[in-house]
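Taking it in order: structure first as structure tokens, then the write-up.
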Amino acid sequence: MKKLASFAFQTAMIACLIILNALPAAAQNIDFKKLESVVNAELAETNTPGAALAVVQGERVVFAKGFGAANVETGEPVTAEMLFRIGSMTKTFTALALLGLVEEGKLKLEEPLGNYVKGLNPKLAQITLHQLLAHTSGLRDEGRPYGAHDETALLETVRGWKEDYLFTEPGRIFSYSNLNYALAGAVIEETSGKPFADAMSERVYKPLGMSRATFRPTVAMTYPLAQGHNARGNAKPVVVRPYTDNVPNWAAGYMFASVNDLARFAVAFLNDGKLDGKQAIAAKNIVKASSGSVDIPGLDAVKYGYGLRVEEIRGVAVVSHGGAIPGFGAQIIMSPRHRVAVIVLANKSGARLDKTVETALEMTLPLKVKPETKPPVFLPLTAPQMQSYAGVYRHSPRQFFEIAVQEGKLFLKDEEDLLALENIGENRFLYKRGNSTAMDDLTFVTGADGKPEYLHINGRAFRKGK
């Protein structure tokens, strides 16, 4: 019996060594219990019912798990296979589908949309595919969560947009807009000759083995599905009803996916497009998507590629995209050099679980020490400087800000609020709302004459009135 026990012990030890050697080196050092405790603590702290988290290293998914409740009314637990709405993370997949059509010679990035989608307003038809994917089209932003359910509505809707959908000329400035990717979806539909959802399934999901990813709610509901929630402060979260849906905006932010689906995508992205021994994504398209195409005003060394934000986090180069839609929040952050990805999906409006993501990144990447937060230094402005900023900055007929000078200070007028602006550098300002201790930022972008031409805030540009 002792010999048998000894043999069983040795066999178990050999098996453990084989498993450890198969894992990436960093994966052996991840304290998954600590990571799980951080997730659970942040869910409680942010009053978020549930989340799913995945960590990818090298060619493997080293962690994938659900936490909390998928529905506060039923108590059903979240699993890694469960579908969530991923919000604007959808743009990454829309961009890759369009780049695939470019690779096949069916599209050219620098050609106007009118070459591919007939019936567009003549001004909109001159926007290029590059400008759509890089958010430099000049289109205003709209993100209506509810709308048409009929899939024919995509082309019907974009063909109805008028010239006033442009707040500035194409190619002038980065301004994040869901309409850019709605139009990209129309290009994919027209060029592929198939409904957008079918084209995405054929061109993206199937090659990646994302077996449950879909845009169609009637398909998503046949799988385990997380319900979206809203919550005010510490009040009990409530289910968002009805479920958000708006076909014309599917390509911008309405994709359903599980964290397992997204982990498969991340494995391919981090390994030159290869997955399960096959080329699931063209390697050149990964390079195109993750190469910074345009600077984002007000953010030092941060660029936007095609469906991806490009930057450094504590000394490590990463590409990422977030997502927020009524009921849900999402993040994916990938380091191509270190072949690491962290993905989080949450079922509360706008929930990002930043502490969870940061902890997972610290466990898997050689991040520099987190810099000490220093209080901002406010710089004085002369009266002529303040007057140069004053004016109305407009994004659409209903979206605008006024910058005003009152009693020797500069203010941002936002509906009923009058918010004092504090200068922290050339054309950069901070302000805070009400009793908030946190300060938000905005940036002015000057024209060729050196005078302020745009106000850039929350990723959107507002053009100064003539």
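FYI, nothing fancy with the structure tokens labels: chains A, B, ... in order, residues from 1 per chain, ligands from 1 as they appear.
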**Report entry** Neighbour list for segment 129-137 of chain A as a ChimeraX atom specification, cut-off 9 Å, only C-alpha atoms, skip fewer than 3 positions in-chain
**Finding:** /A:91,95,98,107-113,124,140,166,168-181,183-184,187,292-294,304-307
Residues just named, written with N, CA and C atoms as a short mmCIF file (atom, residue, chain, number, x, y, z; two decimals), in the first residue's frame:
data_model
loop_
_atom_site.label_atom_id
_atom_site.label_comp_id
_atom_site.auth_asym_id
_atom_site.auth_seq_id
_atom_site.Cartn_x
_atom_site.Cartn_y
_atom_site.Cartn_z
N LYS A 91 -16.99 48.43 -31.76
CA LYS A 91 -16.29 49.14 -32.84
C LYS A 91 -15.02 48.42 -33.28
N ALA A 95 -14.50 47.48 -37.19
CA ALA A 95 -13.31 47.93 -37.90
C ALA A 95 -12.58 46.76 -38.55
N LEU A 98 -14.38 45.59 -41.69
CA LEU A 98 -14.19 46.50 -42.81
C LEU A 98 -12.77 46.37 -43.37
N LEU A 107 -12.64 47.26 -51.03
CA LEU A 107 -12.74 48.64 -50.54
C LEU A 107 -11.35 49.26 -50.52
N LYS A 108 -11.33 50.60 -50.52
CA LYS A 108 -10.09 51.35 -50.32
C LYS A 108 -10.32 52.39 -49.24
N LEU A 109 -9.41 52.44 -48.28
CA LEU A 109 -9.60 53.31 -47.12
C LEU A 109 -9.68 54.79 -47.48
N GLU A 110 -8.98 55.22 -48.54
CA GLU A 110 -8.96 56.64 -48.86
C GLU A 110 -10.00 57.03 -49.90
N GLU A 111 -10.87 56.12 -50.26
CA GLU A 111 -11.93 56.45 -51.23
C GLU A 111 -13.20 56.89 -50.50
N PRO A 112 -14.02 57.73 -51.14
CA PRO A 112 -15.23 58.23 -50.49
C PRO A 112 -16.31 57.17 -50.35
N LEU A 113 -17.15 57.35 -49.34
CA LEU A 113 -18.24 56.41 -49.06
C LEU A 113 -19.18 56.26 -50.24
N LEU A 124 -22.02 63.91 -47.26
CA LEU A 124 -21.61 62.74 -46.48
C LEU A 124 -20.93 61.71 -47.36
N ARG A 140 -21.36 64.59 -36.30
CA ARG A 140 -21.73 64.74 -34.90
C ARG A 140 -22.01 63.36 -34.30
N LEU A 166 -22.99 66.96 -40.31
CA LEU A 166 -21.58 67.36 -40.22
C LEU A 166 -21.48 68.63 -39.39
N THR A 168 -18.41 69.87 -38.76
CA THR A 168 -17.21 70.48 -39.33
C THR A 168 -16.79 69.68 -40.56
N GLU A 169 -15.80 70.17 -41.28
CA GLU A 169 -15.37 69.51 -42.50
C GLU A 169 -14.62 68.21 -42.16
N PRO A 170 -14.78 67.18 -42.99
CA PRO A 170 -14.06 65.92 -42.76
C PRO A 170 -12.55 66.13 -42.74
N GLY A 171 -11.88 65.38 -41.86
CA GLY A 171 -10.43 65.41 -41.80
C GLY A 171 -9.83 66.49 -40.92
N ARG A 172 -10.67 67.31 -40.27
CA ARG A 172 -10.15 68.43 -39.49
C ARG A 172 -9.71 68.06 -38.09
N ILE A 173 -10.50 67.18 -37.40
CA ILE A 173 -10.22 66.94 -35.99
C ILE A 173 -10.83 65.61 -35.55
N PHE A 174 -10.20 64.98 -34.57
CA PHE A 174 -10.76 63.77 -33.96
C PHE A 174 -11.99 64.15 -33.15
N SER A 175 -13.09 63.46 -33.38
CA SER A 175 -14.30 63.64 -32.58
C SER A 175 -15.07 62.33 -32.59
N TYR A 176 -15.09 61.69 -31.45
CA TYR A 176 -15.69 60.35 -31.34
C TYR A 176 -17.18 60.42 -31.67
N SER A 177 -17.60 59.54 -32.57
CA SER A 177 -19.00 59.55 -33.00
C SER A 177 -19.48 58.15 -33.33
N ASN A 178 -20.57 57.76 -32.72
CA ASN A 178 -21.20 56.47 -33.04
C ASN A 178 -21.68 56.41 -34.49
N LEU A 179 -21.99 57.57 -35.05
CA LEU A 179 -22.47 57.60 -36.43
C LEU A 179 -21.40 57.13 -37.41
N ASN A 180 -20.13 57.35 -37.08
CA ASN A 180 -19.05 56.87 -37.95
C ASN A 180 -19.15 55.36 -38.15
N TYR A 181 -19.37 54.65 -37.07
CA TYR A 181 -19.40 53.19 -37.15
C TYR A 181 -20.74 52.66 -37.63
N LEU A 183 -22.23 54.12 -40.11
CA LEU A 183 -21.95 54.20 -41.55
C LEU A 183 -21.00 53.08 -42.00
N ALA A 184 -20.02 52.75 -41.16
CA ALA A 184 -19.12 51.65 -41.49
C ALA A 184 -19.91 50.35 -41.61
N VAL A 187 -21.51 50.25 -44.97
CA VAL A 187 -20.54 49.89 -46.00
C VAL A 187 -20.33 48.38 -46.02
N GLY A 292 -1.69 53.91 -34.22
CA GLY A 292 -2.39 55.17 -33.97
C GLY A 292 -2.54 56.00 -35.23
N SER A 293 -3.77 56.27 -35.64
CA SER A 293 -4.02 57.03 -36.86
C SER A 293 -4.12 58.52 -36.59
N VAL A 294 -4.59 58.90 -35.40
CA VAL A 294 -4.86 60.31 -35.13
C VAL A 294 -4.68 60.59 -33.65
N TYR A 304 -5.90 57.30 -31.55
CA TYR A 304 -6.97 56.36 -31.90
C TYR A 304 -6.58 55.71 -33.21
N GLY A 305 -6.63 54.39 -33.24
CA GLY A 305 -6.34 53.66 -34.47
C GLY A 305 -7.62 53.42 -35.24
N TYR A 306 -7.90 52.18 -35.56
CA TYR A 306 -9.18 51.81 -36.17
C TYR A 306 -9.92 50.91 -35.19
N GLY A 307 -10.84 51.50 -34.45
CA GLY A 307 -11.59 50.74 -33.46
C GLY A 307 -10.80 50.40 -32.22
#
Could you name the residues that touch Gln385 of chain A at 10 Å or less, counting only C-alpha atoms, but leaving out those on the same chain fewer than 4 positions away, as a CSV table (one decimal) with N, CA, C and O atoms, in the first residue's frame?
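After the write, out.csv holds the following:
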chain,number,residue,atom,x,y,z
A,380,PRO,N,-2.3,81.6,-14.3
A,380,PRO,CA,-3.1,82.8,-14.5
A,380,PRO,C,-3.3,83.1,-16.0
A,380,PRO,O,-2.5,82.6,-16.8
A,381,LEU,N,-4.4,83.7,-16.3
A,381,LEU,CA,-4.7,84.1,-17.7
A,381,LEU,C,-4.9,85.6,-17.8
A,381,LEU,O,-5.4,86.2,-16.9
A,389,TYR,N,-11.0,82.8,-25.8
A,389,TYR,CA,-11.7,81.6,-25.7
A,389,TYR,C,-13.2,81.8,-25.7
A,389,TYR,O,-14.0,80.8,-26.0
A,390,ALA,N,-13.7,83.0,-25.3
A,390,ALA,CA,-15.1,83.2,-25.2
A,390,ALA,C,-15.9,83.0,-26.5
A,390,ALA,O,-15.4,83.3,-27.6
A,410,LEU,N,-12.9,82.9,-16.2
A,410,LEU,CA,-13.4,82.1,-17.3
A,410,LEU,C,-14.3,81.0,-16.8
A,410,LEU,O,-14.0,80.3,-15.9
A,427,ASN,N,-3.9,75.9,-23.5
A,427,ASN,CA,-5.2,75.6,-24.0
A,427,ASN,C,-5.9,74.4,-23.2
A,427,ASN,O,-6.9,73.8,-23.7
A,451,LYS,N,-5.9,80.9,-33.1
A,451,LYS,CA,-7.0,81.2,-32.3
A,451,LYS,C,-7.8,80.0,-32.0
A,451,LYS,O,-7.9,79.1,-32.8
Requested in this report: Compile the contact shell of Gly58 of chain A as a PyMOL selection string: residues with an atom at most 8 Å away, counting only C-alpha atoms, same-chain residues fewer than 4 positions apart removed.
Outcome: chain A and resi 24+267+270-271+338-340
Selected residues, N, CA, C and O atoms, written as a PDB file, in the first residue's frame, please.
ATOM      1  N   PRO A  24       2.131  30.092 -19.313  1.00  0.00           N
ATOM      2  CA  PRO A  24       3.111  31.164 -19.401  1.00  0.00           C
ATOM      3  C   PRO A  24       3.704  31.426 -18.021  1.00  0.00           C
ATOM      4  O   PRO A  24       3.027  31.262 -17.004  1.00  0.00           O
ATOM      5  N   VAL A 267      -6.803  36.107 -27.932  1.00  0.00           N
ATOM      6  CA  VAL A 267      -5.733  35.161 -28.243  1.00  0.00           C
ATOM      7  C   VAL A 267      -5.260  35.353 -29.682  1.00  0.00           C
ATOM      8  O   VAL A 267      -4.065  35.417 -29.966  1.00  0.00           O
ATOM      9  N   LEU A 270      -3.354  38.719 -30.180  1.00  0.00           N
ATOM     10  CA  LEU A 270      -2.030  38.758 -29.567  1.00  0.00           C
ATOM     11  C   LEU A 270      -1.039  37.808 -30.225  1.00  0.00           C
ATOM     12  O   LEU A 270       0.142  37.791 -29.870  1.00  0.00           O
ATOM     13  N   ASN A 271      -1.520  36.991 -31.164  1.00  0.00           N
ATOM     14  CA  ASN A 271      -0.657  35.999 -31.807  1.00  0.00           C
ATOM     15  C   ASN A 271      -0.710  36.119 -33.328  1.00  0.00           C
ATOM     16  O   ASN A 271      -0.848  35.132 -34.048  1.00  0.00           O
ATOM     17  N   HIS A 338       3.646  41.992 -24.829  1.00  0.00           N
ATOM     18  CA  HIS A 338       3.711  41.000 -23.754  1.00  0.00           C
ATOM     19  C   HIS A 338       2.668  39.900 -23.909  1.00  0.00           C
ATOM     20  O   HIS A 338       2.633  38.988 -23.081  1.00  0.00           O
ATOM     21  N   ARG A 339       1.841  40.019 -24.950  1.00  0.00           N
ATOM     22  CA  ARG A 339       0.813  39.024 -25.262  1.00  0.00           C
ATOM     23  C   ARG A 339      -0.091  38.765 -24.056  1.00  0.00           C
ATOM     24  O   ARG A 339      -0.294  37.639 -23.617  1.00  0.00           O
ATOM     25  N   VAL A 340      -0.612  39.852 -23.538  1.00  0.00           N
ATOM     26  CA  VAL A 340      -1.507  39.810 -22.378  1.00  0.00           C
ATOM     27  C   VAL A 340      -2.766  40.591 -22.697  1.00  0.00           C
ATOM     28  O   VAL A 340      -2.710  41.645 -23.345  1.00  0.00           O
TER      29      VAL A 340
END
Query raised in the report: Contacts of Ser335 of chain A at 8 Å or less, counting only C-alpha atoms, minus same-chain residues fewer than 5 places along, as a list in words?
Result: Leu270, Val316, Ala317, Val318, Val319, Val340 and Ala341 of chain A
Where does DSSP see strand (DSSP E or B) in segment 284-456 of chain A, if you list the residues as a PDB file with C-alpha atoms, in the first residue's frame?
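Heads up, here's the output in states_3.pdb:
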ATOM      1  CA  VAL A 294      -4.859  60.313 -35.131  1.00  0.00           C
ATOM      2  CA  ASP A 295      -4.041  62.206 -31.928  1.00  0.00           C
ATOM      3  CA  LYS A 303      -4.005  58.072 -30.270  1.00  0.00           C
ATOM      4  CA  TYR A 304      -6.965  56.358 -31.900  1.00  0.00           C
ATOM      5  CA  ARG A 309      -7.293  53.392 -28.500  1.00  0.00           C
ATOM      6  CA  VAL A 310      -3.466  53.339 -28.572  1.00  0.00           C
ATOM      7  CA  GLU A 311      -1.425  54.476 -25.552  1.00  0.00           C
ATOM      8  CA  GLU A 312       0.904  53.520 -22.715  1.00  0.00           C
ATOM      9  CA  ILE A 313      -0.188  52.473 -19.243  1.00  0.00           C
ATOM     10  CA  VAL A 316       3.620  49.467 -21.187  1.00  0.00           C
ATOM     11  CA  ALA A 317       2.190  49.967 -24.688  1.00  0.00           C
ATOM     12  CA  VAL A 318      -1.425  48.822 -24.902  1.00  0.00           C
ATOM     13  CA  VAL A 319      -4.453  48.984 -27.170  1.00  0.00           C
ATOM     14  CA  SER A 320      -7.905  49.117 -25.677  1.00  0.00           C
ATOM     15  CA  HIS A 321     -11.555  49.992 -26.004  1.00  0.00           C
ATOM     16  CA  GLY A 322     -14.306  50.527 -23.502  1.00  0.00           C
ATOM     17  CA  GLY A 323     -18.024  50.166 -23.842  1.00  0.00           C
ATOM     18  CA  ALA A 324     -21.055  51.701 -22.155  1.00  0.00           C
ATOM     19  CA  ILE A 325     -24.699  51.157 -23.052  1.00  0.00           C
ATOM     20  CA  PHE A 328     -23.862  47.444 -19.253  1.00  0.00           C
ATOM     21  CA  GLY A 329     -20.203  48.454 -19.147  1.00  0.00           C
ATOM     22  CA  ALA A 330     -17.133  46.767 -20.644  1.00  0.00           C
ATOM     23  CA  GLN A 331     -13.366  47.026 -21.129  1.00  0.00           C
ATOM     24  CA  ILE A 332     -10.706  45.194 -23.084  1.00  0.00           C
ATOM     25  CA  ILE A 333      -7.008  46.073 -22.703  1.00  0.00           C
ATOM     26  CA  MET A 334      -4.319  44.226 -24.671  1.00  0.00           C
ATOM     27  CA  SER A 335      -0.524  44.411 -24.656  1.00  0.00           C
ATOM     28  CA  VAL A 340      -1.507  39.810 -22.378  1.00  0.00           C
ATOM     29  CA  ALA A 341      -5.178  40.792 -22.391  1.00  0.00           C
ATOM     30  CA  VAL A 342      -7.668  41.630 -19.661  1.00  0.00           C
ATOM     31  CA  ILE A 343     -11.386  41.659 -20.434  1.00  0.00           C
ATOM     32  CA  VAL A 344     -14.206  42.649 -18.105  1.00  0.00           C
ATOM     33  CA  LEU A 345     -17.963  42.742 -18.758  1.00  0.00           C
ATOM     34  CA  ALA A 346     -20.375  44.191 -16.196  1.00  0.00           C
ATOM     35  CA  LEU A 379      -1.882  79.233 -14.138  1.00  0.00           C
ATOM     36  CA  GLY A 391     -17.922  82.149 -27.517  1.00  0.00           C
ATOM     37  CA  VAL A 392     -20.393  79.388 -28.340  1.00  0.00           C
ATOM     38  CA  TYR A 393     -19.002  76.009 -29.384  1.00  0.00           C
ATOM     39  CA  ARG A 394     -21.466  73.768 -31.191  1.00  0.00           C
ATOM     40  CA  HIS A 395     -21.516  70.031 -31.958  1.00  0.00           C
ATOM     41  CA  SER A 396     -25.119  69.828 -33.144  1.00  0.00           C
ATOM     42  CA  GLN A 399     -25.346  70.053 -28.246  1.00  0.00           C
ATOM     43  CA  PHE A 400     -23.300  73.146 -27.449  1.00  0.00           C
ATOM     44  CA  PHE A 401     -21.314  74.911 -24.738  1.00  0.00           C
ATOM     45  CA  GLU A 402     -20.746  78.584 -24.064  1.00  0.00           C
ATOM     46  CA  ILE A 403     -17.455  79.897 -22.731  1.00  0.00           C
ATOM     47  CA  ALA A 404     -17.942  83.218 -20.936  1.00  0.00           C
ATOM     48  CA  VAL A 405     -15.859  85.748 -19.032  1.00  0.00           C
ATOM     49  CA  GLN A 406     -17.429  87.042 -15.845  1.00  0.00           C
ATOM     50  CA  LYS A 409     -12.736  84.649 -14.608  1.00  0.00           C
ATOM     51  CA  LEU A 410     -13.413  82.125 -17.332  1.00  0.00           C
ATOM     52  CA  PHE A 411     -16.515  79.934 -17.105  1.00  0.00           C
ATOM     53  CA  LEU A 412     -18.078  76.987 -18.920  1.00  0.00           C
ATOM     54  CA  LYS A 413     -21.855  77.302 -19.251  1.00  0.00           C
ATOM     55  CA  ASP A 414     -23.470  73.848 -19.412  1.00  0.00           C
ATOM     56  CA  ASP A 417     -24.461  75.127 -14.548  1.00  0.00           C
ATOM     57  CA  LEU A 418     -21.806  77.833 -14.511  1.00  0.00           C
ATOM     58  CA  LEU A 419     -18.484  76.060 -14.016  1.00  0.00           C
ATOM     59  CA  ALA A 420     -15.232  77.905 -13.278  1.00  0.00           C
ATOM     60  CA  GLU A 422      -8.803  76.636 -14.170  1.00  0.00           C
ATOM     61  CA  ASN A 423      -5.891  76.806 -16.618  1.00  0.00           C
ATOM     62  CA  ILE A 424      -3.287  74.010 -16.254  1.00  0.00           C
ATOM     63  CA  GLY A 425      -1.310  74.582 -19.444  1.00  0.00           C
ATOM     64  CA  ARG A 428      -5.952  72.995 -21.237  1.00  0.00           C
ATOM     65  CA  PHE A 429      -8.369  73.485 -18.341  1.00  0.00           C
ATOM     66  CA  LEU A 430      -9.936  71.721 -15.368  1.00  0.00           C
ATOM     67  CA  TYR A 431     -13.381  72.231 -13.842  1.00  0.00           C
ATOM     68  CA  ASP A 440     -12.858  67.041 -15.304  1.00  0.00           C
ATOM     69  CA  ASP A 441     -10.756  68.389 -18.152  1.00  0.00           C
ATOM     70  CA  LEU A 442     -11.260  70.099 -21.471  1.00  0.00           C
ATOM     71  CA  THR A 443      -8.962  71.311 -24.223  1.00  0.00           C
ATOM     72  CA  PHE A 444      -9.165  74.051 -26.819  1.00  0.00           C
ATOM     73  CA  VAL A 445      -7.751  73.307 -30.265  1.00  0.00           C
ATOM     74  CA  THR A 446      -6.468  76.256 -32.267  1.00  0.00           C
ATOM     75  CA  PRO A 452      -9.299  78.701 -30.513  1.00  0.00           C
ATOM     76  CA  GLU A 453     -11.379  76.892 -33.148  1.00  0.00           C
ATOM     77  CA  TYR A 454     -12.674  73.848 -31.252  1.00  0.00           C
ATOM     78  CA  LEU A 455     -13.529  72.892 -27.693  1.00  0.00           C
ATOM     79  CA  HIS A 456     -12.689  69.239 -27.032  1.00  0.00           C
TER      80      HIS A 456
END
Query raised in the report: Skipping near chain neighbours, those fewer than 2 positions away, what residues fall within 8 Å of Val38 of chain A using only C-alpha atoms, listed as a PyMOL selection string?
Result: chain A and resi 34-36+40-42+355-356+359
Query - Pairwise distance for atom CA of Pro242 of chain A and atom CA of Ala70 of chain A, rounded to one decimal in Å - result: 16.1 Å
